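Containing compact mmCIF, N, CA and C atoms: data17.txt.
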# COMPACT_ATOMS: atom_id res chain seq x y z
N MET A 1221 -25.79 6.60 2.61
CA MET A 1221 -24.84 6.17 1.59
C MET A 1221 -23.58 7.03 1.67
N ILE A 1222 -22.47 6.36 1.49
CA ILE A 1222 -21.18 7.03 1.47
C ILE A 1222 -20.59 6.83 0.09
N THR A 1223 -20.05 7.89 -0.47
CA THR A 1223 -19.42 7.83 -1.78
C THR A 1223 -17.91 7.90 -1.60
N LEU A 1224 -17.24 6.88 -2.10
CA LEU A 1224 -15.79 6.83 -2.06
C LEU A 1224 -15.25 6.78 -3.49
N THR A 1225 -14.15 7.43 -3.73
CA THR A 1225 -13.47 7.34 -5.01
C THR A 1225 -12.30 6.39 -4.83
N ILE A 1226 -12.44 5.22 -5.44
CA ILE A 1226 -11.45 4.15 -5.28
C ILE A 1226 -10.96 3.73 -6.66
N ASN A 1227 -9.66 3.83 -6.84
CA ASN A 1227 -9.03 3.46 -8.11
C ASN A 1227 -9.67 4.19 -9.28
N GLY A 1228 -10.01 5.46 -9.04
CA GLY A 1228 -10.56 6.32 -10.08
C GLY A 1228 -12.04 6.19 -10.32
N LYS A 1229 -12.73 5.33 -9.58
CA LYS A 1229 -14.17 5.14 -9.77
C LYS A 1229 -14.92 5.51 -8.51
N GLU A 1230 -16.05 6.16 -8.68
CA GLU A 1230 -16.90 6.44 -7.54
C GLU A 1230 -17.66 5.17 -7.15
N GLN A 1231 -17.67 4.90 -5.86
CA GLN A 1231 -18.34 3.72 -5.33
C GLN A 1231 -19.32 4.19 -4.26
N GLN A 1232 -20.56 3.73 -4.34
CA GLN A 1232 -21.58 4.02 -3.34
C GLN A 1232 -21.65 2.85 -2.37
N LEU A 1233 -21.49 3.14 -1.10
CA LEU A 1233 -21.54 2.09 -0.09
C LEU A 1233 -22.56 2.44 0.98
N ASP A 1234 -23.36 1.47 1.32
CA ASP A 1234 -24.30 1.62 2.43
C ASP A 1234 -23.68 0.94 3.65
N VAL A 1235 -22.74 1.66 4.28
CA VAL A 1235 -22.01 1.12 5.42
C VAL A 1235 -21.95 2.18 6.52
N ASP A 1236 -21.63 1.73 7.71
CA ASP A 1236 -21.43 2.61 8.85
C ASP A 1236 -20.20 3.47 8.58
N PRO A 1237 -20.28 4.79 8.73
CA PRO A 1237 -19.12 5.65 8.50
C PRO A 1237 -17.95 5.33 9.44
N GLU A 1238 -18.22 4.62 10.53
CA GLU A 1238 -17.16 4.24 11.48
C GLU A 1238 -16.53 2.89 11.14
N MET A 1239 -16.94 2.29 10.03
CA MET A 1239 -16.32 1.03 9.59
C MET A 1239 -14.92 1.33 9.09
N PRO A 1240 -13.93 0.51 9.46
CA PRO A 1240 -12.60 0.69 8.89
C PRO A 1240 -12.64 0.53 7.36
N LEU A 1241 -11.91 1.38 6.68
CA LEU A 1241 -11.84 1.35 5.22
C LEU A 1241 -11.43 -0.04 4.72
N LEU A 1242 -10.55 -0.70 5.44
CA LEU A 1242 -10.11 -2.04 5.06
C LEU A 1242 -11.29 -2.98 4.80
N TRP A 1243 -12.27 -2.98 5.69
CA TRP A 1243 -13.41 -3.91 5.55
C TRP A 1243 -14.33 -3.48 4.42
N ALA A 1244 -14.44 -2.18 4.18
CA ALA A 1244 -15.24 -1.73 3.04
C ALA A 1244 -14.58 -2.21 1.74
N LEU A 1245 -13.27 -2.07 1.66
CA LEU A 1245 -12.55 -2.51 0.45
C LEU A 1245 -12.68 -4.01 0.25
N ARG A 1246 -12.39 -4.77 1.28
CA ARG A 1246 -12.35 -6.23 1.15
C ARG A 1246 -13.75 -6.85 1.09
N ASP A 1247 -14.61 -6.49 2.02
CA ASP A 1247 -15.90 -7.18 2.17
C ASP A 1247 -17.01 -6.62 1.30
N HIS A 1248 -16.94 -5.34 0.97
CA HIS A 1248 -18.03 -4.73 0.22
C HIS A 1248 -17.67 -4.47 -1.24
N LEU A 1249 -16.39 -4.30 -1.54
CA LEU A 1249 -15.98 -4.01 -2.91
C LEU A 1249 -15.13 -5.12 -3.51
N ASN A 1250 -14.86 -6.17 -2.75
CA ASN A 1250 -14.09 -7.33 -3.19
C ASN A 1250 -12.70 -6.96 -3.72
N LEU A 1251 -12.09 -5.93 -3.12
CA LEU A 1251 -10.72 -5.55 -3.43
C LEU A 1251 -9.83 -6.17 -2.36
N THR A 1252 -9.45 -7.40 -2.59
CA THR A 1252 -8.80 -8.19 -1.54
C THR A 1252 -7.28 -8.12 -1.57
N GLY A 1253 -6.69 -7.28 -2.43
CA GLY A 1253 -5.25 -7.12 -2.44
C GLY A 1253 -4.74 -6.45 -1.17
N THR A 1254 -5.56 -5.62 -0.57
CA THR A 1254 -5.23 -5.00 0.70
C THR A 1254 -5.53 -6.03 1.78
N LYS A 1255 -4.51 -6.36 2.56
CA LYS A 1255 -4.63 -7.48 3.50
C LYS A 1255 -4.93 -7.02 4.92
N PHE A 1256 -5.57 -7.89 5.68
CA PHE A 1256 -5.72 -7.71 7.12
C PHE A 1256 -4.51 -8.37 7.75
N GLY A 1257 -3.83 -7.61 8.59
CA GLY A 1257 -2.65 -8.15 9.26
C GLY A 1257 -2.88 -8.26 10.75
N CYS A 1258 -2.47 -7.24 11.46
CA CYS A 1258 -2.52 -7.28 12.92
C CYS A 1258 -3.80 -6.68 13.49
N GLY A 1259 -4.46 -5.82 12.73
CA GLY A 1259 -5.67 -5.16 13.23
C GLY A 1259 -5.40 -4.00 14.16
N ALA A 1260 -4.12 -3.65 14.34
CA ALA A 1260 -3.76 -2.57 15.26
C ALA A 1260 -2.90 -1.50 14.59
N ALA A 1261 -2.92 -1.43 13.28
CA ALA A 1261 -2.17 -0.44 12.50
C ALA A 1261 -0.67 -0.52 12.74
N GLN A 1262 -0.16 -1.72 12.98
CA GLN A 1262 1.25 -1.89 13.28
C GLN A 1262 2.03 -2.66 12.21
N CYS A 1263 1.33 -3.36 11.30
CA CYS A 1263 2.05 -4.27 10.41
C CYS A 1263 2.22 -3.75 8.98
N GLY A 1264 1.37 -2.88 8.51
CA GLY A 1264 1.49 -2.31 7.17
C GLY A 1264 0.85 -3.11 6.05
N ALA A 1265 0.34 -4.30 6.32
CA ALA A 1265 -0.25 -5.14 5.26
C ALA A 1265 -1.48 -4.48 4.62
N PHE A 1266 -2.06 -3.55 5.30
CA PHE A 1266 -3.32 -2.91 4.92
C PHE A 1266 -3.11 -1.55 4.28
N THR A 1267 -1.88 -1.24 3.85
CA THR A 1267 -1.56 0.08 3.34
C THR A 1267 -2.20 0.33 1.98
N VAL A 1268 -2.83 1.49 1.86
CA VAL A 1268 -3.39 1.99 0.61
C VAL A 1268 -2.86 3.41 0.44
N HIS A 1269 -3.16 4.02 -0.68
CA HIS A 1269 -2.84 5.44 -0.86
C HIS A 1269 -4.13 6.24 -0.71
N ILE A 1270 -4.06 7.27 0.09
CA ILE A 1270 -5.16 8.22 0.20
C ILE A 1270 -4.57 9.59 -0.13
N ASP A 1271 -5.09 10.17 -1.20
CA ASP A 1271 -4.57 11.44 -1.71
C ASP A 1271 -3.06 11.36 -1.93
N GLY A 1272 -2.59 10.22 -2.44
CA GLY A 1272 -1.20 10.05 -2.81
C GLY A 1272 -0.25 9.69 -1.68
N GLU A 1273 -0.75 9.53 -0.49
CA GLU A 1273 0.09 9.19 0.66
C GLU A 1273 -0.26 7.80 1.18
N ALA A 1274 0.73 7.10 1.68
CA ALA A 1274 0.48 5.79 2.28
C ALA A 1274 -0.39 5.98 3.52
N ALA A 1275 -1.43 5.17 3.64
CA ALA A 1275 -2.35 5.28 4.77
C ALA A 1275 -2.75 3.89 5.22
N ARG A 1276 -3.04 3.77 6.47
CA ARG A 1276 -3.42 2.50 7.07
C ARG A 1276 -4.94 2.34 6.99
N SER A 1277 -5.39 1.46 6.12
CA SER A 1277 -6.82 1.31 5.89
C SER A 1277 -7.53 0.65 7.05
N CYS A 1278 -6.80 0.00 7.95
CA CYS A 1278 -7.45 -0.64 9.10
C CYS A 1278 -7.80 0.38 10.18
N SER A 1279 -7.15 1.54 10.17
CA SER A 1279 -7.44 2.56 11.18
C SER A 1279 -8.01 3.83 10.57
N THR A 1280 -8.29 3.81 9.27
CA THR A 1280 -8.97 4.93 8.60
C THR A 1280 -10.43 4.54 8.45
N MET A 1281 -11.31 5.35 9.00
CA MET A 1281 -12.74 5.06 8.92
C MET A 1281 -13.29 5.49 7.56
N VAL A 1282 -14.26 4.76 7.07
CA VAL A 1282 -14.88 5.03 5.78
C VAL A 1282 -15.33 6.49 5.70
N GLY A 1283 -15.95 6.98 6.75
CA GLY A 1283 -16.44 8.36 6.75
C GLY A 1283 -15.32 9.37 6.59
N ASP A 1284 -14.15 9.06 7.10
CA ASP A 1284 -13.00 9.96 6.98
C ASP A 1284 -12.37 9.91 5.59
N ALA A 1285 -12.67 8.87 4.83
CA ALA A 1285 -12.11 8.72 3.49
C ALA A 1285 -13.01 9.31 2.42
N GLU A 1286 -14.22 9.68 2.77
CA GLU A 1286 -15.14 10.25 1.79
C GLU A 1286 -14.58 11.55 1.23
N GLY A 1287 -14.67 11.69 -0.09
CA GLY A 1287 -14.18 12.89 -0.75
C GLY A 1287 -12.68 12.88 -1.03
N ARG A 1288 -12.03 11.78 -0.75
CA ARG A 1288 -10.59 11.68 -0.97
C ARG A 1288 -10.31 10.61 -2.03
N GLU A 1289 -9.15 10.69 -2.66
CA GLU A 1289 -8.76 9.72 -3.68
C GLU A 1289 -8.08 8.53 -3.02
N ILE A 1290 -8.67 7.36 -3.16
CA ILE A 1290 -8.13 6.14 -2.58
C ILE A 1290 -7.62 5.26 -3.72
N VAL A 1291 -6.41 4.74 -3.56
CA VAL A 1291 -5.86 3.81 -4.54
C VAL A 1291 -5.41 2.57 -3.78
N THR A 1292 -5.84 1.42 -4.26
CA THR A 1292 -5.43 0.14 -3.70
C THR A 1292 -4.40 -0.49 -4.63
N ILE A 1293 -3.83 -1.59 -4.21
CA ILE A 1293 -2.85 -2.29 -5.03
C ILE A 1293 -3.42 -2.64 -6.40
N GLU A 1294 -4.73 -2.89 -6.46
CA GLU A 1294 -5.37 -3.24 -7.73
C GLU A 1294 -5.42 -2.06 -8.70
N GLY A 1295 -5.34 -0.84 -8.19
CA GLY A 1295 -5.50 0.34 -9.03
C GLY A 1295 -4.20 1.07 -9.34
N LEU A 1296 -3.06 0.47 -9.05
CA LEU A 1296 -1.79 1.14 -9.28
C LEU A 1296 -1.55 1.40 -10.76
N SER A 1297 -0.96 2.56 -11.04
CA SER A 1297 -0.56 2.89 -12.40
C SER A 1297 0.50 3.98 -12.32
N GLY A 1298 1.14 4.22 -13.42
CA GLY A 1298 2.13 5.28 -13.49
C GLY A 1298 3.55 4.74 -13.45
N LYS A 1299 4.50 5.62 -13.76
CA LYS A 1299 5.89 5.19 -13.90
C LYS A 1299 6.50 4.70 -12.60
N VAL A 1300 6.18 5.32 -11.48
CA VAL A 1300 6.76 4.87 -10.21
C VAL A 1300 6.22 3.49 -9.86
N ALA A 1301 4.91 3.30 -9.99
CA ALA A 1301 4.31 2.00 -9.69
C ALA A 1301 4.89 0.92 -10.60
N GLU A 1302 5.05 1.24 -11.87
CA GLU A 1302 5.60 0.26 -12.81
C GLU A 1302 7.05 -0.09 -12.47
N ALA A 1303 7.84 0.92 -12.08
CA ALA A 1303 9.24 0.66 -11.71
C ALA A 1303 9.33 -0.20 -10.46
N VAL A 1304 8.49 0.08 -9.48
CA VAL A 1304 8.50 -0.71 -8.24
C VAL A 1304 8.07 -2.15 -8.52
N GLN A 1305 6.99 -2.31 -9.24
CA GLN A 1305 6.52 -3.67 -9.53
C GLN A 1305 7.55 -4.45 -10.34
N ALA A 1306 8.20 -3.81 -11.30
CA ALA A 1306 9.21 -4.49 -12.11
C ALA A 1306 10.41 -4.89 -11.24
N ALA A 1307 10.83 -4.00 -10.34
CA ALA A 1307 11.95 -4.31 -9.45
C ALA A 1307 11.60 -5.46 -8.51
N TRP A 1308 10.37 -5.48 -8.02
CA TRP A 1308 9.94 -6.56 -7.12
C TRP A 1308 10.04 -7.90 -7.86
N GLN A 1309 9.62 -7.91 -9.12
CA GLN A 1309 9.68 -9.15 -9.89
C GLN A 1309 11.12 -9.51 -10.24
N LYS A 1310 11.89 -8.54 -10.68
CA LYS A 1310 13.27 -8.80 -11.09
C LYS A 1310 14.09 -9.39 -9.95
N LEU A 1311 13.92 -8.86 -8.74
CA LEU A 1311 14.71 -9.31 -7.60
C LEU A 1311 14.02 -10.40 -6.79
N ASP A 1312 12.87 -10.85 -7.28
CA ASP A 1312 12.14 -11.95 -6.63
C ASP A 1312 11.97 -11.68 -5.13
N VAL A 1313 11.41 -10.51 -4.83
CA VAL A 1313 11.27 -10.06 -3.43
C VAL A 1313 10.33 -10.96 -2.64
N VAL A 1314 9.26 -11.37 -3.25
CA VAL A 1314 8.18 -12.04 -2.54
C VAL A 1314 8.58 -13.42 -2.05
N GLN A 1315 8.25 -13.70 -0.81
CA GLN A 1315 8.37 -15.06 -0.30
C GLN A 1315 6.95 -15.57 -0.12
N CYS A 1316 6.32 -15.35 1.02
CA CYS A 1316 4.93 -15.80 1.15
C CYS A 1316 3.98 -14.82 0.45
N GLY A 1317 4.36 -13.54 0.41
CA GLY A 1317 3.59 -12.54 -0.32
C GLY A 1317 2.55 -11.79 0.48
N TYR A 1318 2.25 -12.22 1.67
CA TYR A 1318 1.13 -11.62 2.40
C TYR A 1318 1.29 -10.13 2.65
N CYS A 1319 2.48 -9.70 2.99
CA CYS A 1319 2.70 -8.29 3.32
C CYS A 1319 3.02 -7.44 2.11
N GLN A 1320 3.23 -8.05 0.97
CA GLN A 1320 3.84 -7.34 -0.15
C GLN A 1320 3.00 -6.21 -0.73
N SER A 1321 1.69 -6.30 -0.71
CA SER A 1321 0.92 -5.18 -1.24
C SER A 1321 1.17 -3.93 -0.41
N GLY A 1322 1.23 -4.08 0.90
CA GLY A 1322 1.53 -2.94 1.76
C GLY A 1322 2.95 -2.44 1.56
N GLN A 1323 3.89 -3.35 1.37
CA GLN A 1323 5.28 -2.96 1.13
C GLN A 1323 5.38 -2.16 -0.17
N ILE A 1324 4.73 -2.63 -1.21
CA ILE A 1324 4.77 -1.96 -2.50
C ILE A 1324 4.11 -0.58 -2.41
N MET A 1325 2.98 -0.49 -1.74
CA MET A 1325 2.30 0.80 -1.62
C MET A 1325 3.19 1.80 -0.88
N SER A 1326 3.87 1.37 0.16
CA SER A 1326 4.76 2.25 0.91
C SER A 1326 5.98 2.63 0.07
N ALA A 1327 6.52 1.69 -0.68
CA ALA A 1327 7.68 1.98 -1.54
C ALA A 1327 7.32 3.01 -2.61
N ILE A 1328 6.14 2.92 -3.16
CA ILE A 1328 5.71 3.88 -4.18
C ILE A 1328 5.59 5.28 -3.58
N THR A 1329 5.05 5.37 -2.38
CA THR A 1329 4.96 6.67 -1.71
C THR A 1329 6.35 7.25 -1.52
N LEU A 1330 7.29 6.43 -1.05
CA LEU A 1330 8.67 6.88 -0.85
C LEU A 1330 9.26 7.40 -2.14
N LEU A 1331 9.22 6.60 -3.20
CA LEU A 1331 9.86 6.97 -4.46
C LEU A 1331 9.14 8.11 -5.18
N SER A 1332 7.90 8.33 -4.88
CA SER A 1332 7.18 9.48 -5.46
C SER A 1332 7.70 10.78 -4.86
N ALA A 1333 8.17 10.71 -3.63
CA ALA A 1333 8.68 11.90 -2.94
C ALA A 1333 10.20 12.01 -3.01
N ASN A 1334 10.89 10.89 -3.20
CA ASN A 1334 12.35 10.88 -3.12
C ASN A 1334 12.86 9.84 -4.12
N GLU A 1335 13.30 10.29 -5.27
CA GLU A 1335 13.72 9.37 -6.33
C GLU A 1335 15.10 8.77 -6.10
N LYS A 1336 15.85 9.26 -5.10
CA LYS A 1336 17.18 8.72 -4.81
C LYS A 1336 17.31 8.47 -3.31
N PRO A 1337 16.51 7.55 -2.77
CA PRO A 1337 16.57 7.34 -1.32
C PRO A 1337 17.83 6.60 -0.88
N THR A 1338 18.32 6.96 0.28
CA THR A 1338 19.43 6.23 0.91
C THR A 1338 18.84 5.05 1.67
N ASP A 1339 19.70 4.18 2.16
CA ASP A 1339 19.23 3.09 3.01
C ASP A 1339 18.48 3.63 4.21
N GLU A 1340 18.98 4.72 4.78
CA GLU A 1340 18.31 5.33 5.94
C GLU A 1340 16.93 5.85 5.58
N ASP A 1341 16.81 6.48 4.40
CA ASP A 1341 15.50 6.96 3.93
C ASP A 1341 14.53 5.80 3.78
N ILE A 1342 15.03 4.71 3.20
CA ILE A 1342 14.19 3.53 2.98
C ILE A 1342 13.77 2.94 4.32
N ASN A 1343 14.70 2.77 5.21
CA ASN A 1343 14.37 2.21 6.53
C ASN A 1343 13.33 3.06 7.23
N ALA A 1344 13.47 4.38 7.20
CA ALA A 1344 12.52 5.26 7.87
C ALA A 1344 11.15 5.20 7.21
N SER A 1345 11.13 5.18 5.88
CA SER A 1345 9.85 5.18 5.16
C SER A 1345 9.12 3.85 5.28
N MET A 1346 9.88 2.76 5.34
CA MET A 1346 9.27 1.43 5.36
C MET A 1346 9.01 0.94 6.78
N GLU A 1347 9.43 1.71 7.78
CA GLU A 1347 9.18 1.32 9.17
C GLU A 1347 7.68 1.14 9.38
N GLY A 1348 7.33 0.10 10.08
CA GLY A 1348 5.92 -0.19 10.30
C GLY A 1348 5.34 -1.14 9.27
N ASN A 1349 6.15 -1.56 8.31
CA ASN A 1349 5.74 -2.58 7.34
C ASN A 1349 6.50 -3.85 7.71
N ILE A 1350 5.81 -4.76 8.32
CA ILE A 1350 6.44 -5.96 8.82
C ILE A 1350 6.36 -7.08 7.79
N CYS A 1351 7.48 -7.77 7.61
CA CYS A 1351 7.55 -8.94 6.75
C CYS A 1351 7.93 -10.12 7.63
N ARG A 1352 7.01 -11.01 7.85
CA ARG A 1352 7.29 -12.17 8.71
C ARG A 1352 8.33 -13.10 8.10
N CYS A 1353 8.49 -13.04 6.78
CA CYS A 1353 9.48 -13.88 6.12
C CYS A 1353 10.87 -13.26 6.14
N GLY A 1354 10.96 -12.00 6.51
CA GLY A 1354 12.25 -11.34 6.63
C GLY A 1354 12.88 -10.94 5.30
N THR A 1355 12.09 -10.53 4.34
CA THR A 1355 12.65 -10.16 3.03
C THR A 1355 13.10 -8.69 2.98
N TYR A 1356 13.44 -8.12 4.10
CA TYR A 1356 13.79 -6.71 4.17
C TYR A 1356 14.96 -6.32 3.27
N VAL A 1357 15.97 -7.17 3.17
CA VAL A 1357 17.12 -6.85 2.31
C VAL A 1357 16.68 -6.80 0.86
N ARG A 1358 15.86 -7.76 0.43
CA ARG A 1358 15.37 -7.76 -0.96
C ARG A 1358 14.44 -6.57 -1.20
N ILE A 1359 13.65 -6.21 -0.21
CA ILE A 1359 12.76 -5.05 -0.35
C ILE A 1359 13.61 -3.79 -0.56
N ARG A 1360 14.63 -3.59 0.27
CA ARG A 1360 15.50 -2.42 0.14
C ARG A 1360 16.20 -2.43 -1.22
N ASP A 1361 16.71 -3.58 -1.62
CA ASP A 1361 17.38 -3.69 -2.92
C ASP A 1361 16.41 -3.36 -4.07
N ALA A 1362 15.17 -3.81 -3.95
CA ALA A 1362 14.18 -3.54 -5.00
C ALA A 1362 13.84 -2.05 -5.06
N ILE A 1363 13.81 -1.39 -3.93
CA ILE A 1363 13.54 0.06 -3.94
C ILE A 1363 14.71 0.78 -4.62
N HIS A 1364 15.94 0.38 -4.33
CA HIS A 1364 17.09 0.97 -5.01
C HIS A 1364 17.03 0.67 -6.52
N GLU A 1365 16.64 -0.54 -6.89
CA GLU A 1365 16.51 -0.92 -8.29
C GLU A 1365 15.47 -0.07 -9.00
N ALA A 1366 14.33 0.13 -8.34
CA ALA A 1366 13.28 0.97 -8.92
C ALA A 1366 13.76 2.41 -9.06
N ALA A 1367 14.50 2.91 -8.08
CA ALA A 1367 15.04 4.27 -8.15
C ALA A 1367 15.98 4.42 -9.35
N LYS A 1368 16.81 3.39 -9.60
CA LYS A 1368 17.71 3.43 -10.76
C LYS A 1368 16.90 3.48 -12.06
N ALA A 1369 15.85 2.70 -12.11
CA ALA A 1369 15.01 2.67 -13.31
C ALA A 1369 14.32 4.01 -13.55
N LEU A 1370 14.02 4.72 -12.49
CA LEU A 1370 13.35 6.02 -12.60
C LEU A 1370 14.32 7.13 -12.97
N ALA A 1371 15.62 6.92 -12.74
CA ALA A 1371 16.62 7.99 -12.98
C ALA A 1371 16.82 8.21 -14.47
In structure tokens, write the structure found in this file.
Amino acid sequence: MITLTINGKEQQLDVDPEMPLLWALRDHLNLTGTKFGCGAAQCGAFTVHIDGEAARSCSTMVGDAEGREIVTIEGLSGKVAEAVQAAWQKLDVVQCGYCQSGQIMSAITLLSANEKPTDEDINASMEGNICRCGTYVRIRDAIHEAAKALA
């Protein structure tokens, strides 16, 4: 048995420690907000927070996540998360929505570390989060909007 702390709750899982965290979240805990994208840690759709940092759940093994704080899109809370989610809604960022949980998780990590990011900061932090619909301009605008709300 592996014990994971996910969204503030301890979860006991009888899974292979080499299973990607993504599949434990989706298939064993029914936390489906974290998406499967490319399967090669290149798209960002699978981003979660581990110990407060954006992490790729498709390439993080369950055994490596034991003893660490994992937060999924379903478990977001706090002023930064609220500001990001409000900005996403206000600017109508979402098109198809598939990548957006990963985009939001990465944006929260950025704004938690840097409350006044430049476009360059945003581009660097959000690199590796692919949006097939091309909503990058709205994503950047929403991060700036959330930063204003946090100021």
What's the separation between atom N of Asn1343 in chain A and atom N of Gln1323 in chain A, in Å to one decimal place? 13.0 Å
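The nearest approach to Cys1319 in chain A among the residues A:Gln1305, A:Gln1262, A:Asn1349, A:Asn1250, with all atoms listed in the file taken into account, belongs to A:Asn1349.
Comparing A:Leu1296, A:Val1314, A:Ala1307, A:Leu1330 by their smallest distance to Asn1227 in chain A, the closest is A:Leu1296 (using only N, CA and C atoms).
Proximity of A:Lys1255, A:Val1268, A:Lys1336, A:Cys1351 to His1364 in chain A, computed with only N, CA and C atoms, is greatest for A:Lys1336.
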Go through A:Gln1231, A:Thr1252, A:Thr1355, A:Thr1225 one by one, measure the shortest atom-to-atom distance of each to Leu1311 in chain A using only C-alpha atoms, and give the residue with the smallest value. A:Thr1355
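The interatomic distance for the pair CA of Val1300 in chain A and CA of Ile1328 in chain A works out to 6.2 Å.
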To test your reading of the structure, identify every residue in range 1236-1359 of chain A that backbone DSSP assigns to strand (DSSP E), and report it as a PyMOL selection string. chain A and resi 1267-1270+1273-1276+1289-1291
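Comparing A:Leu1233, A:Cys1353, A:Cys1263, A:Cys1278 by their smallest distance to Gly1317 in chain A, the closest is A:Cys1353 (using all atoms listed in the file).
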Contact table range 1241-1321 of chain A vs range 1234-1237 of chain A, cut-off 9 Å, shortest pair per residue, only C-alpha atoms, as CSV:
residue,atom,partner,partner_atom,distance
A:Ala1244,CA,A:Val1235,CA,7.7
A:His1248,CA,A:Val1235,CA,8.8
A:Met1281,CA,A:Pro1237,CA,6.4
A:Val1282,CA,A:Pro1237,CA,5.1
A:Gly1283,CA,A:Pro1237,CA,4.2
A:Asp1284,CA,A:Pro1237,CA,7.6
Quote the spacing between atom C of Ser1332 in chain A and CA of Glu1347 in chain A in Å to one decimal place. 17.0 Å
Long-range neighbours of Lys1299 in chain A as a VMD selection string, 8 Å cut-off, only N, CA and C atoms, 5 positions minimum in chain: chain A and resid 1304 to 1305 1369 to 1370
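Among the candidate residues A:Tyr1318, A:Ile1222, A:Ser1326, A:Leu1241, the one lying nearest to Thr1280 in chain A is A:Leu1241, with distances computed using all atoms listed in the file.
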Excluding same-chain residues fewer than 2 positions from Trp1308 in chain A, what lies within 8 Å of it counting only N, CA and C atoms, as a VMD selection string? chain A and resid 1302 to 1306 1310 to 1314 1358 to 1359 1361 to 1363 1365 to 1366
For the alpha helix (DSSP H) assignment from backbone DSSP, which residues of range 1265-1297 of chain A qualify? Please present them as a PyMOL selection string. chain A and resi 1282-1285
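Within the 7 Å cut-off around Ile1350 in chain A, using only C-alpha atoms and omitting residues fewer than 2 positions from it on the same chain, the listed residues are Cys1263, Gly1264, Gly1348 and Arg1352 of chain A.
With all atoms listed in the file taken into account, the protein and nucleic acid residues at most 8 Å from Thr1292 in chain A (excluding it and anything under 3 positions from it in its own chain) are A:Ile1226, A:Asn1227, A:Gly1228, A:Leu1251, A:Gly1253, A:Thr1254, A:Thr1267, A:Val1268, A:His1269, A:Ile1270, A:Glu1289, A:Gly1295, A:Leu1296, A:Ser1297, A:Ser1321, A:Met1325.
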Export: range 1357-1369 of chain A, N, CA, C and O atoms, as a CSV table (one decimal), in the first residue's frame:
chain,number,residue,atom,x,y,z
A,1357,VAL,N,-2.8,34.1,-26.0
A,1357,VAL,CA,-3.0,35.5,-25.7
A,1357,VAL,C,-3.9,35.7,-24.5
A,1357,VAL,O,-3.7,36.5,-23.6
A,1358,ARG,N,-5.1,35.0,-24.5
A,1358,ARG,CA,-6.0,35.1,-23.4
A,1358,ARG,C,-5.4,34.5,-22.2
A,1358,ARG,O,-5.7,35.1,-21.1
A,1359,ILE,N,-4.6,33.5,-22.2
A,1359,ILE,CA,-4.0,32.9,-21.1
A,1359,ILE,C,-3.1,34.0,-20.4
A,1359,ILE,O,-3.1,34.2,-19.2
A,1360,ARG,N,-2.2,34.6,-21.3
A,1360,ARG,CA,-1.3,35.6,-20.8
A,1360,ARG,C,-2.1,36.8,-20.2
A,1360,ARG,O,-1.8,37.3,-19.1
A,1361,ASP,N,-3.1,37.2,-20.9
A,1361,ASP,CA,-4.0,38.3,-20.4
A,1361,ASP,C,-4.6,38.0,-19.0
A,1361,ASP,O,-4.7,38.8,-18.1
A,1362,ALA,N,-5.0,36.7,-18.9
A,1362,ALA,CA,-5.7,36.3,-17.6
A,1362,ALA,C,-4.7,36.3,-16.5
A,1362,ALA,O,-5.0,36.6,-15.3
A,1363,ILE,N,-3.4,35.9,-16.8
A,1363,ILE,CA,-2.4,35.9,-15.7
A,1363,ILE,C,-2.1,37.3,-15.3
A,1363,ILE,O,-2.0,37.6,-14.1
A,1364,HIS,N,-2.1,38.3,-16.2
A,1364,HIS,CA,-1.9,39.7,-15.9
A,1364,HIS,C,-3.1,40.2,-15.1
A,1364,HIS,O,-2.9,40.9,-14.1
A,1365,GLU,N,-4.3,39.7,-15.5
A,1365,GLU,CA,-5.5,40.1,-14.7
A,1365,GLU,C,-5.5,39.6,-13.3
A,1365,GLU,O,-5.8,40.3,-12.4
A,1366,ALA,N,-5.1,38.3,-13.1
A,1366,ALA,CA,-5.0,37.8,-11.8
A,1366,ALA,C,-3.9,38.5,-11.0
A,1366,ALA,O,-4.1,38.7,-9.8
A,1367,ALA,N,-2.8,38.9,-11.6
A,1367,ALA,CA,-1.8,39.6,-10.9
A,1367,ALA,C,-2.3,40.9,-10.4
A,1367,ALA,O,-2.0,41.3,-9.3
A,1368,LYS,N,-3.1,41.6,-11.2
A,1368,LYS,CA,-3.7,42.9,-10.8
A,1368,LYS,C,-4.6,42.7,-9.6
A,1368,LYS,O,-4.6,43.5,-8.7
A,1369,ALA,N,-5.4,41.6,-9.6
A,1369,ALA,CA,-6.3,41.3,-8.5
A,1369,ALA,C,-5.6,41.0,-7.3
A,1369,ALA,O,-6.0,41.3,-6.2
